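Inspection log for the structure reproduced underneath, given as structure tokens.
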Amino acid sequence: MIVDMRKGATPEEIDGVVERARSLGLDIQLNLGTDKTIVAILGSNTGQLPTDIFAVLPGVENVARIMKPYKLASREFKAEDSIVSINGIEIGGKRIVVMAGPCAVESEEQFMKAARTVKSSGACIVRGGAFKPRTSPFSFQGLGKAGLELLVRARERFSIPVVTEVVDTHDVSQVSKYADILQVGARNMQNFTLLTEIGKSKCPVLLKRGLSATITEWLTAADYLLAEGNSQVILCERGIRTFEDSARFSLDVCSIPVVKKFSHLPLIVDPSHAAGHYSLVPAIAKAAVAAGADGLLIEVHPNPKEALVDGLQSLTPSDFARLMKELRRIAKAVGRYI
Ligand code: PEP
Ligand code: MN
């Protein structure tokens, strides 16, 4: 249930709604907007409660039920776009934020080269996996803690924030000490215990769309993070499974305007995992920016032929530099910048 407070409602009036909800054993989340406050009343039995319970309270303008399964990620809870700020880099504003780097951190030499080159081409966040959830248990699984240490070294050396995946609930507190953004991989989008733990950490988080998840399921998964009070959630479209098998996945370009319509959360696009092949990456990266994505997550490797993971879909530093030039033109055409 969403309780819209009147413009200028007093703190006592807002407290009145919060206390009433708590007395009924319900949880609440506040959206203290610049204009007016919205109180989300959360709980499994809110569907049975009459809205009048809250409508009669002083300072309440309107009470409505959110019919969608996701509440906190919805525009009903927060009409204005959310911006996630990472060391002053705003995701969800006018700037298209490009995050780039190798799929996996492989060695000091590889990662420093990658970080240096992506930054010099205009990426403002570097990516690299230290824990790699692989389709096969026999594939390279990442450097683990040694990989996290290399991420921090690159962050300090090049003054660039880092994003890396966390796969295990028990690793959340450790990884959040090293990373500026925690990535939840597509295969973990509905790992609810992991989401709850990351929600508690309050660390900015990049929530990838599951391989076969609907947009509703994805936004409902985001609610797990938001419900713990972590408002720093960035969504990432990375392609879904369809009958089409000419690319690794099918990039759902439609999800960009759909998510923007129904959710206030910033949304970036990962063209690399959708494409599965370096030759397809530039076209779909440009399509994503044209369609309204707030940023991109692109795999770039100093020497893709020798990559331990995802070499086929990784751009070379020079291909990435060329793409960034083209992306700047697309961004300008849609009233944004890189
Ligand atoms: C990745 O970003 O390297 C990755 C494994 O992505 P996804 O979870 O989208 O497959
Ligand atoms: Mn990858």
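FYI, nothing fancy with the structure tokens labels: chains A, B, ... in order, residues from 1 per chain, ligands from 1 as they appear.
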
> segment 158-169 of chain A: which residues within 8 Å, counting only C-alpha atoms, same-chain residues fewer than 6 positions away excluded, as number ranges by chain?
Replying inline: A: 86-87, 115-116, 119, 124-133, 151-152, 175, 179-185, 188, 193-194, 197-198

Store the residues of this selection in a file with C-alpha atoms, as a PDB file, in the first residue's frame.
```pdb
ATOM      1  CA  ILE A  86      29.796   6.452  -6.891  1.00  0.00           C
ATOM      2  CA  ASN A  87      32.597   8.798  -5.785  1.00  0.00           C
ATOM      3  CA  ALA A 115      42.290  -0.370 -16.364  1.00  0.00           C
ATOM      4  CA  ARG A 116      44.721   2.119 -17.881  1.00  0.00           C
ATOM      5  CA  LYS A 119      40.166   4.894 -18.455  1.00  0.00           C
ATOM      6  CA  CYS A 124      34.776   5.970 -15.626  1.00  0.00           C
ATOM      7  CA  ILE A 125      34.408   2.657 -13.779  1.00  0.00           C
ATOM      8  CA  VAL A 126      36.531  -0.466 -14.301  1.00  0.00           C
ATOM      9  CA  ARG A 127      35.108  -3.964 -14.170  1.00  0.00           C
ATOM     10  CA  GLY A 128      36.785  -7.286 -13.426  1.00  0.00           C
ATOM     11  CA  GLY A 129      35.602 -10.532 -11.878  1.00  0.00           C
ATOM     12  CA  ALA A 130      37.536 -12.100  -8.996  1.00  0.00           C
ATOM     13  CA  PHE A 131      34.909 -14.790  -8.378  1.00  0.00           C
ATOM     14  CA  LYS A 132      33.676 -16.257 -11.635  1.00  0.00           C
ATOM     15  CA  PRO A 133      30.537 -18.383 -11.610  1.00  0.00           C
ATOM     16  CA  LEU A 151      41.149  -4.481  -8.215  1.00  0.00           C
ATOM     17  CA  VAL A 152      42.059  -2.213  -5.313  1.00  0.00           C
ATOM     18  CA  VAL A 175      33.992  -8.012  -1.220  1.00  0.00           C
ATOM     19  CA  ALA A 179      34.588  -2.946  -4.415  1.00  0.00           C
ATOM     20  CA  ASP A 180      32.743   0.296  -5.092  1.00  0.00           C
ATOM     21  CA  ILE A 181      29.858  -1.616  -6.698  1.00  0.00           C
ATOM     22  CA  LEU A 182      28.853  -5.224  -6.022  1.00  0.00           C
ATOM     23  CA  GLN A 183      27.642  -7.053  -9.104  1.00  0.00           C
ATOM     24  CA  VAL A 184      24.922  -9.674  -8.819  1.00  0.00           C
ATOM     25  CA  GLY A 185      25.285 -11.967 -11.804  1.00  0.00           C
ATOM     26  CA  ASN A 188      22.043 -15.114  -9.032  1.00  0.00           C
ATOM     27  CA  THR A 193      19.563 -14.710   0.613  1.00  0.00           C
ATOM     28  CA  LEU A 194      22.414 -13.105  -1.369  1.00  0.00           C
ATOM     29  CA  GLU A 197      22.790  -9.743   2.559  1.00  0.00           C
ATOM     30  CA  ILE A 198      23.821  -7.183  -0.069  1.00  0.00           C
TER      31      ILE A 198
END
```

>> Can you pull out every residue from segment 156-192 of chain A that DSSP, working from the backbone, puts in alpha helix (DSSP H), and format the result as a PyMOL selection string?
In response: chain A and resi 156-158+172-178+192

Dump all heavy atoms for the selected residues as an mmCIF file, in the first residue's frame?
```cif
data_model
loop_
_atom_site.group_PDB
_atom_site.id
_atom_site.type_symbol
_atom_site.label_atom_id
_atom_site.label_comp_id
_atom_site.auth_asym_id
_atom_site.auth_seq_id
_atom_site.Cartn_x
_atom_site.Cartn_y
_atom_site.Cartn_z
ATOM 1 N N GLU A 156 43.414 2.416 -6.937
ATOM 2 C CA GLU A 156 44.266 3.460 -6.362
ATOM 3 C C GLU A 156 45.185 4.062 -7.408
ATOM 4 O O GLU A 156 45.365 5.265 -7.472
ATOM 5 C CB GLU A 156 45.061 2.884 -5.189
ATOM 6 C CG GLU A 156 44.161 2.823 -3.957
ATOM 7 C CD GLU A 156 44.640 1.878 -2.885
ATOM 8 O OE1 GLU A 156 45.801 1.396 -2.971
ATOM 9 O OE2 GLU A 156 43.832 1.606 -1.961
ATOM 10 N N ARG A 157 45.719 3.198 -8.250
ATOM 11 C CA ARG A 157 46.683 3.678 -9.235
ATOM 12 C C ARG A 157 46.030 4.602 -10.260
ATOM 13 O O ARG A 157 46.609 5.598 -10.671
ATOM 14 C CB ARG A 157 47.276 2.450 -9.925
ATOM 15 C CG ARG A 157 48.411 2.764 -10.805
ATOM 16 C CD ARG A 157 49.446 1.641 -10.731
ATOM 17 N NE ARG A 157 50.100 1.517 -12.011
ATOM 18 C CZ ARG A 157 50.629 0.399 -12.471
ATOM 19 N NH1 ARG A 157 50.570 -0.699 -11.758
ATOM 20 N NH2 ARG A 157 51.209 0.384 -13.639
ATOM 21 N N PHE A 158 44.809 4.270 -10.679
ATOM 22 C CA PHE A 158 44.184 5.052 -11.757
ATOM 23 C C PHE A 158 43.015 5.913 -11.270
ATOM 24 O O PHE A 158 42.321 6.509 -12.090
ATOM 25 C CB PHE A 158 43.728 4.112 -12.890
ATOM 26 C CG PHE A 158 44.854 3.293 -13.438
ATOM 27 C CD1 PHE A 158 44.921 1.923 -13.200
ATOM 28 C CD2 PHE A 158 45.875 3.884 -14.166
ATOM 29 C CE1 PHE A 158 45.979 1.160 -13.681
ATOM 30 C CE2 PHE A 158 46.938 3.131 -14.657
ATOM 31 C CZ PHE A 158 46.992 1.765 -14.411
ATOM 32 N N VAL A 172 30.008 -11.323 1.082
ATOM 33 C CA VAL A 172 29.516 -9.958 0.847
ATOM 34 C C VAL A 172 30.312 -8.920 1.639
ATOM 35 O O VAL A 172 30.755 -7.912 1.088
ATOM 36 C CB VAL A 172 28.000 -9.840 1.152
ATOM 37 C CG1 VAL A 172 27.540 -8.396 1.149
ATOM 38 C CG2 VAL A 172 27.204 -10.664 0.137
ATOM 39 N N SER A 173 30.540 -9.186 2.931
ATOM 40 C CA SER A 173 31.213 -8.139 3.713
ATOM 41 C C SER A 173 32.659 -7.984 3.240
ATOM 42 O O SER A 173 33.166 -6.873 3.151
ATOM 43 C CB SER A 173 31.106 -8.413 5.208
ATOM 44 O OG SER A 173 31.878 -9.524 5.531
ATOM 45 N N GLN A 174 33.316 -9.086 2.876
ATOM 46 C CA GLN A 174 34.692 -8.978 2.391
ATOM 47 C C GLN A 174 34.752 -8.218 1.054
ATOM 48 O O GLN A 174 35.504 -7.264 0.902
ATOM 49 C CB GLN A 174 35.304 -10.372 2.209
ATOM 50 C CG GLN A 174 36.770 -10.299 1.823
ATOM 51 C CD GLN A 174 37.320 -11.634 1.325
ATOM 52 O OE1 GLN A 174 36.612 -12.423 0.701
ATOM 53 N NE2 GLN A 174 38.575 -11.880 1.604
ATOM 54 N N VAL A 175 33.916 -8.638 0.112
ATOM 55 C CA VAL A 175 33.992 -8.012 -1.220
ATOM 56 C C VAL A 175 33.605 -6.536 -1.148
ATOM 57 O O VAL A 175 34.175 -5.700 -1.844
ATOM 58 C CB VAL A 175 33.124 -8.786 -2.251
ATOM 59 C CG1 VAL A 175 33.205 -8.145 -3.623
ATOM 60 C CG2 VAL A 175 33.564 -10.235 -2.340
ATOM 61 N N SER A 176 32.674 -6.208 -0.249
ATOM 62 C CA SER A 176 32.265 -4.795 -0.202
ATOM 63 C C SER A 176 33.363 -3.892 0.367
ATOM 64 O O SER A 176 33.335 -2.691 0.185
ATOM 65 C CB SER A 176 30.940 -4.614 0.550
ATOM 66 O OG SER A 176 31.072 -5.106 1.850
ATOM 67 N N LYS A 177 34.372 -4.494 1.004
ATOM 68 C CA LYS A 177 35.515 -3.678 1.468
ATOM 69 C C LYS A 177 36.426 -3.314 0.287
ATOM 70 O O LYS A 177 37.155 -2.340 0.335
ATOM 71 C CB LYS A 177 36.324 -4.454 2.512
ATOM 72 C CG LYS A 177 35.598 -4.551 3.854
ATOM 73 C CD LYS A 177 36.517 -5.084 4.952
ATOM 74 C CE LYS A 177 35.707 -5.425 6.183
ATOM 75 N NZ LYS A 177 35.426 -6.869 6.307
ATOM 76 N N TYR A 178 36.403 -4.120 -0.754
ATOM 77 C CA TYR A 178 37.283 -3.897 -1.905
ATOM 78 C C TYR A 178 36.584 -3.173 -3.060
ATOM 79 O O TYR A 178 37.219 -2.459 -3.808
ATOM 80 C CB TYR A 178 37.783 -5.242 -2.456
ATOM 81 C CG TYR A 178 38.706 -6.000 -1.544
ATOM 82 C CD1 TYR A 178 38.214 -6.830 -0.549
ATOM 83 C CD2 TYR A 178 40.093 -5.904 -1.699
ATOM 84 C CE1 TYR A 178 39.071 -7.536 0.286
ATOM 85 C CE2 TYR A 178 40.951 -6.616 -0.873
ATOM 86 C CZ TYR A 178 40.435 -7.433 0.122
ATOM 87 O OH TYR A 178 41.288 -8.136 0.932
ATOM 88 N N PHE A 192 17.791 -15.030 -3.232
ATOM 89 C CA PHE A 192 17.224 -14.038 -2.312
ATOM 90 C C PHE A 192 18.040 -13.856 -1.041
ATOM 91 O O PHE A 192 18.068 -12.763 -0.481
ATOM 92 C CB PHE A 192 15.761 -14.383 -2.017
ATOM 93 C CG PHE A 192 14.912 -14.421 -3.267
ATOM 94 C CD1 PHE A 192 14.185 -15.550 -3.615
ATOM 95 C CD2 PHE A 192 14.875 -13.324 -4.117
ATOM 96 C CE1 PHE A 192 13.424 -15.578 -4.781
ATOM 97 C CE2 PHE A 192 14.113 -13.337 -5.288
ATOM 98 C CZ PHE A 192 13.391 -14.477 -5.618
#
```

Excluding Asp223 of chain A and its own-chain neighbours fewer than 3 positions away, which residues fall within 8 Å of it when counting only C-alpha atoms? Please give them as a PDB file with N, CA and C atoms, in the first residue's frame.
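File selection.pdb, as written:
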```pdb
ATOM      1  N   TYR A  70       6.163  -5.839  -7.460  1.00  0.00           N
ATOM      2  CA  TYR A  70       7.263  -5.033  -6.907  1.00  0.00           C
ATOM      3  C   TYR A  70       6.690  -3.702  -6.443  1.00  0.00           C
ATOM      4  N   LYS A  71       7.202  -3.229  -5.323  1.00  0.00           N
ATOM      5  CA  LYS A  71       6.659  -2.010  -4.703  1.00  0.00           C
ATOM      6  C   LYS A  71       7.715  -0.901  -4.683  1.00  0.00           C
ATOM      7  N   LEU A  72       8.848  -1.189  -4.028  1.00  0.00           N
ATOM      8  CA  LEU A  72       9.841  -0.131  -3.788  1.00  0.00           C
ATOM      9  C   LEU A  72      10.575   0.279  -5.062  1.00  0.00           C
ATOM     10  N   ALA A  73      10.647  -0.641  -6.024  1.00  0.00           N
ATOM     11  CA  ALA A  73      11.298  -0.310  -7.293  1.00  0.00           C
ATOM     12  C   ALA A  73      10.353   0.443  -8.228  1.00  0.00           C
ATOM     13  N   LEU A 219      12.451  -6.670 -11.362  1.00  0.00           N
ATOM     14  CA  LEU A 219      12.151  -5.537 -10.474  1.00  0.00           C
ATOM     15  C   LEU A 219      11.740  -6.036  -9.077  1.00  0.00           C
ATOM     16  N   THR A 220      11.114  -7.194  -9.019  1.00  0.00           N
ATOM     17  CA  THR A 220      10.731  -7.742  -7.713  1.00  0.00           C
ATOM     18  C   THR A 220      11.985  -8.203  -6.960  1.00  0.00           C
ATOM     19  N   LEU A 226      16.161  -3.236  -1.934  1.00  0.00           N
ATOM     20  CA  LEU A 226      15.582  -1.977  -1.451  1.00  0.00           C
ATOM     21  C   LEU A 226      14.922  -2.160  -0.084  1.00  0.00           C
ATOM     22  N   ALA A 227      14.323  -3.338   0.131  1.00  0.00           N
ATOM     23  CA  ALA A 227      13.602  -3.580   1.390  1.00  0.00           C
ATOM     24  C   ALA A 227      14.543  -3.566   2.585  1.00  0.00           C
TER      25      ALA A 227
END
```

> Can you list, as a PyMOL selection string, every residue of segment 141-334 of chain A that DSSP puts in strand (DSSP E or B)?
Replying inline: chain A and resi 162-165+181-184+205-208+233-237+240+250+263+267-269+295-300+315

>> Taking only C-alpha atoms and all ligand atoms into account, which residues have an atom no farther than 6 Å from ligand 1? I'd like them as a ChimeraX atom specification.
In response: /A:103,185-187,208,238,273

> So which residues touch Gly295 of chain A within 12 Å, counting only C-alpha atoms, skipping near sequence neighbours fewer than 5 positions away, as a PyMOL selection string?
Replying inline: chain A and resi 84+89-100+123-125+206+234-237+256+266-271+285-290+324+327-328+331+336-338

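Separating atom CA of Leu30 of chain A from atom CA of Gly88 of chain A is a distance of 24.3 Å.
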
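Here atom CA of Leu26 of chain A stands at a distance of 12.5 Å from atom CA of Phe54 of chain A.
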
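If you look at atom CA of Ala307 of chain A and atom CA of Ala104 of chain A, they are 8.5 Å away from each other.
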